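Below is input.cif, which holds mmCIF, C-alpha atoms.
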```cif
data_input
loop_
_atom_site.label_atom_id
_atom_site.label_comp_id
_atom_site.auth_asym_id
_atom_site.auth_seq_id
_atom_site.Cartn_x
_atom_site.Cartn_y
_atom_site.Cartn_z
CA MET A 25 -43.80 -138.16 -1.10
CA LEU A 26 -47.11 -139.85 -0.38
CA ASP A 27 -49.90 -139.89 -2.93
CA ASP A 28 -53.31 -138.38 -2.18
CA LYS A 29 -54.94 -141.69 -1.25
CA GLN A 30 -52.22 -142.42 1.31
CA ILE A 31 -52.61 -138.96 2.83
CA VAL A 32 -56.39 -139.34 3.01
CA ASP A 33 -55.88 -142.73 4.67
CA LEU A 34 -53.75 -140.97 7.30
CA TYR A 35 -56.61 -138.55 7.98
CA TRP A 36 -58.98 -141.49 8.37
CA ALA A 37 -56.52 -143.10 10.79
CA ARG A 38 -56.47 -139.75 12.67
CA SER A 39 -52.70 -139.58 12.28
CA GLU A 40 -51.21 -136.09 12.70
CA ARG A 41 -48.76 -137.08 9.99
CA ALA A 42 -51.62 -136.38 7.55
CA ILE A 43 -51.23 -132.65 8.16
CA ILE A 44 -47.46 -132.82 7.75
CA GLU A 45 -47.83 -134.67 4.44
CA THR A 46 -50.55 -132.29 3.25
CA ASP A 47 -48.26 -129.36 4.04
CA LYS A 48 -45.35 -130.94 2.17
CA LYS A 49 -47.43 -131.64 -0.90
CA TYR A 50 -49.91 -128.74 -0.99
CA GLY A 51 -48.73 -126.07 1.45
CA ARG A 52 -47.33 -123.76 -1.22
CA TYR A 53 -50.40 -124.31 -3.40
CA CYS A 54 -52.78 -123.31 -0.59
CA HIS A 55 -50.60 -120.32 0.30
CA TYR A 56 -50.62 -119.15 -3.31
CA ILE A 57 -54.42 -119.27 -3.47
CA ALA A 58 -54.83 -117.36 -0.20
CA TYR A 59 -52.14 -114.79 -1.03
CA GLN A 60 -53.67 -114.01 -4.43
CA ILE A 61 -56.95 -113.13 -2.73
CA LEU A 62 -55.65 -111.41 0.40
CA ALA A 63 -52.33 -109.88 -0.74
CA ASP A 64 -51.01 -110.40 2.78
CA ASN A 65 -48.43 -113.05 3.62
CA GLU A 66 -49.39 -113.33 7.30
CA ASP A 67 -53.08 -113.73 6.47
CA ALA A 68 -52.22 -116.29 3.79
CA GLU A 69 -50.20 -118.33 6.31
CA GLU A 70 -53.13 -118.27 8.72
CA ILE A 71 -55.45 -119.43 5.95
CA VAL A 72 -53.12 -122.35 5.19
CA ASN A 73 -53.19 -123.39 8.85
CA ASP A 74 -56.98 -122.98 8.93
CA THR A 75 -57.15 -125.12 5.78
CA TYR A 76 -55.34 -127.95 7.55
CA LEU A 77 -57.68 -127.67 10.53
CA LYS A 78 -60.78 -127.70 8.34
CA THR A 79 -59.39 -130.64 6.36
CA TRP A 80 -58.71 -132.48 9.64
CA ASN A 81 -62.28 -131.80 10.78
CA THR A 82 -63.92 -132.88 7.50
CA VAL A 83 -61.84 -135.96 6.60
CA PRO A 84 -63.47 -138.23 7.69
CA PRO A 85 -66.33 -138.41 6.81
CA ASN A 86 -65.20 -137.18 3.38
CA ARG A 87 -62.73 -139.07 1.20
CA PRO A 88 -61.59 -136.30 -1.16
CA ASP A 89 -60.29 -137.36 -4.54
CA PRO A 90 -58.29 -135.44 -5.58
CA LEU A 91 -56.98 -134.01 -2.32
CA LYS A 92 -55.44 -131.03 -4.14
CA GLY A 93 -58.82 -129.76 -5.31
CA TYR A 94 -60.31 -130.33 -1.86
CA VAL A 95 -57.68 -128.33 0.05
CA GLY A 96 -57.58 -125.73 -2.74
CA LYS A 97 -61.32 -125.16 -2.45
CA ILE A 98 -61.07 -124.89 1.33
CA SER A 99 -58.22 -122.35 1.04
CA ASN A 100 -60.15 -120.38 -1.54
CA ARG A 101 -63.34 -120.27 0.55
CA LEU A 102 -61.48 -119.36 3.76
CA ALA A 103 -59.52 -116.62 1.98
CA LEU A 104 -62.70 -115.18 0.44
CA ASP A 105 -64.35 -115.21 3.87
CA ARG A 106 -61.32 -113.43 5.36
CA TYR A 107 -61.40 -110.93 2.51
CA ASP A 108 -65.07 -110.20 3.21
CA THR A 109 -64.26 -109.65 6.88
CA LYS A 110 -61.35 -107.35 6.07
CA THR A 111 -63.26 -105.26 3.56
CA ALA A 112 -66.20 -104.94 5.95
CA ALA A 113 -63.73 -103.33 8.33
CA LYS A 114 -62.58 -100.92 5.60
CA ARG A 115 -59.36 -102.80 5.02
CA GLY A 116 -58.35 -104.86 2.04
CA GLY A 117 -56.29 -105.00 -1.09
CA GLY A 118 -55.45 -107.63 -3.66
CA GLN A 119 -57.04 -108.43 -7.00
CA LEU A 120 -60.44 -109.63 -5.82
CA PRO A 121 -62.48 -106.46 -6.48
CA ALA A 122 -61.29 -106.34 -10.09
CA VAL A 123 -62.00 -110.03 -10.64
CA LEU A 124 -65.47 -109.80 -9.12
CA HIS A 125 -66.27 -106.78 -11.26
CA GLU A 126 -65.13 -108.59 -14.41
CA LEU A 127 -67.25 -111.65 -13.61
CA SER A 128 -70.32 -109.64 -12.63
CA GLU A 129 -70.86 -108.96 -16.34
CA CYS A 130 -71.44 -112.63 -17.16
CA ILE A 131 -72.21 -114.63 -13.99
CA PRO A 132 -75.84 -114.19 -13.01
CA SER A 133 -76.67 -113.22 -9.47
CA ASN A 134 -79.01 -115.39 -7.49
CA ASP A 135 -81.65 -112.95 -6.30
CA GLU A 136 -83.35 -115.66 -4.28
CA GLY A 137 -80.43 -116.19 -1.93
CA GLU A 138 -78.69 -119.49 -1.41
CA ASP A 139 -80.74 -121.78 -3.66
CA ILE A 140 -78.86 -125.08 -3.74
CA GLY A 141 -80.47 -126.23 -6.99
CA TYR A 142 -79.49 -123.00 -8.71
CA SER A 143 -75.94 -123.23 -7.36
CA VAL A 144 -75.56 -126.82 -8.58
CA ALA A 145 -76.93 -125.93 -12.03
CA LEU A 146 -74.55 -122.97 -12.29
CA ARG A 147 -71.57 -125.05 -11.14
CA ASP A 148 -72.36 -127.79 -13.66
CA ALA A 149 -72.81 -125.27 -16.47
CA LEU A 150 -69.49 -123.62 -15.63
CA GLY A 151 -67.80 -127.02 -15.67
CA ARG A 152 -69.20 -127.80 -19.14
CA PHE A 153 -68.19 -124.35 -20.39
CA LEU A 154 -64.63 -124.73 -19.13
CA LYS A 155 -64.25 -128.23 -20.62
CA ALA A 156 -65.27 -126.85 -24.02
CA LEU A 157 -62.58 -124.16 -24.01
CA PRO A 158 -59.17 -124.68 -25.61
CA GLU A 159 -56.70 -125.81 -22.95
CA ARG A 160 -54.65 -122.60 -22.91
CA THR A 161 -57.73 -120.38 -22.68
CA ARG A 162 -59.15 -122.58 -19.92
CA THR A 163 -55.88 -122.45 -17.98
CA ILE A 164 -55.66 -118.66 -18.26
CA PHE A 165 -59.34 -118.27 -17.31
CA VAL A 166 -58.91 -120.45 -14.22
CA ARG A 167 -55.71 -118.64 -13.25
CA ARG A 168 -57.52 -115.30 -13.42
CA TYR A 169 -60.87 -116.20 -11.87
CA TRP A 170 -60.10 -119.07 -9.50
CA TYR A 171 -56.58 -118.20 -8.37
CA VAL A 172 -57.20 -114.44 -8.75
CA THR A 173 -53.88 -114.04 -10.55
CA PRO A 174 -53.07 -110.50 -11.79
CA VAL A 175 -53.20 -110.02 -15.57
CA ALA A 176 -49.54 -108.93 -15.59
CA GLU A 177 -48.46 -112.19 -13.95
CA ILE A 178 -50.51 -114.28 -16.40
CA ALA A 179 -49.06 -112.33 -19.33
CA GLU A 180 -45.53 -112.97 -18.14
CA GLU A 181 -46.19 -116.65 -17.48
CA PHE A 182 -47.72 -117.27 -20.92
CA GLY A 183 -45.42 -114.96 -22.88
CA MET A 184 -48.25 -112.63 -23.85
CA LYS A 185 -48.90 -108.91 -23.70
CA GLU A 186 -51.18 -107.76 -20.87
CA SER A 187 -53.58 -106.35 -23.43
CA SER A 188 -53.77 -109.75 -25.13
CA VAL A 189 -54.62 -111.47 -21.85
CA ALA A 190 -57.24 -108.83 -21.08
CA MET A 191 -58.80 -109.23 -24.54
CA LEU A 192 -58.78 -113.03 -24.26
CA MET A 193 -60.54 -112.79 -20.89
CA LEU A 194 -63.10 -110.31 -22.29
CA ARG A 195 -63.91 -112.61 -25.21
CA THR A 196 -64.11 -115.62 -22.90
CA ARG A 197 -66.43 -113.80 -20.50
CA LEU A 198 -68.68 -112.82 -23.42
CA LYS A 199 -68.77 -116.47 -24.53
CA LEU A 200 -69.55 -117.49 -20.96
CA LYS A 201 -72.39 -114.99 -20.76
CA ALA A 202 -73.89 -116.28 -24.02
CA PHE A 203 -73.46 -119.88 -22.86
CA LEU A 204 -75.18 -119.23 -19.53
CA GLU A 205 -78.04 -117.41 -21.23
CA LYS A 206 -78.46 -120.37 -23.59
CA GLU A 207 -78.51 -122.65 -20.51
CA GLY A 208 -81.29 -120.56 -19.02
CA LEU A 209 -79.13 -119.20 -16.22
#
```

Spit out the file's structure as structure tokens when you get a sec.
Amino acid sequence: MLDDKQIVDLYWARSERAIIETDKKYGRYCHYIAYQILADNEDAEEIVNDTYLKTWNTVPPNRPDPLKGYVGKISNRLALDRYDTKTAAKRGGGQLPAVLHELSECIPSNDEGEDIGYSVALRDALGRFLKALPERTRTIFVRRYWYVTPVAEIAEEFGMKESSVAMLMLRTRLKLKAFLEKEGL
């Protein structure tokens, strides 16, 4: 299996093999992200294909390092966009409403719209917050709020009770809220 740099080099060379190698290495990962948000296998497969197209169209000029994070972010964004479209049409499902509700308690809204400076400051603060968490807590937090993994699945994976996962996430969100307030966000 090729490493990320070799795959990115294939994109730069405009070789279609880049997509094949990306699928081999990260296809299941991208599908997982999309499925957790959309709860629909067919939609998730379409998102994976759209991820490859967007990656093809954005590399070059980008040289993502790591490639996993790059395609994961694309899958996440495309799945969230698809979710918005589906819920606007009175369709939907999945875990996203619950996750968004949980985070609304601690992540500030940007009343001034898409302010890039605000978004960068928030992103950087979240990164610092996550780095300061114990590894297990950070992993569980990311599984819940990035991958939109159901609490029951996290509990099973980490050998915990669902109530323990829910309490850990509540405490972590409260810490996040206090951290963001301290940061002036």

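What the PyMOL selection byres ((chain A and resi 175-178) around 10) grabs from this file is Gln119, Thr163, Ile164, Phe165, Arg167, Arg168, Val172, Thr173, Pro174, Ala179, Glu180, Glu181, Phe182, Gly183, Met184, Lys185, Glu186, Ser187, Ser188, Val189, Ala190 and Met193 of chain A.
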
Selected residue, from A:Leu204, A:Ile61, A:Met25, A:Leu146, that lies nearest to A:Arg106 when counting all atoms listed in the file: A:Ile61

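The shell of residues at most 12 Å from A:Asp47, with all atoms listed in the file counted and near chain neighbours (fewer than 5 positions) removed, consists of Met25, Leu26, Ile31, Glu40, Arg41, Ala42, Arg52, Tyr53, Cys54, His55, Glu69, Val72, Asn73, Asp74, Thr75, Tyr76, Leu77, Thr79, Leu91, Lys92 and Val95 of chain A.
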
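Compared by their closest atoms to A:Tyr171, and using only C-alpha atoms, the residues A:Lys199, A:Lys97, A:Lys110, A:Arg147 rank with A:Lys97 nearest.
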
Report as a PyMOL selection string the residues that result from applying the PyMOL selection byres ((chain A and resi 148-153) around 12) to the structure here. chain A and resi 130-132+141-147+154-159+161-162+165-166+169+196-209
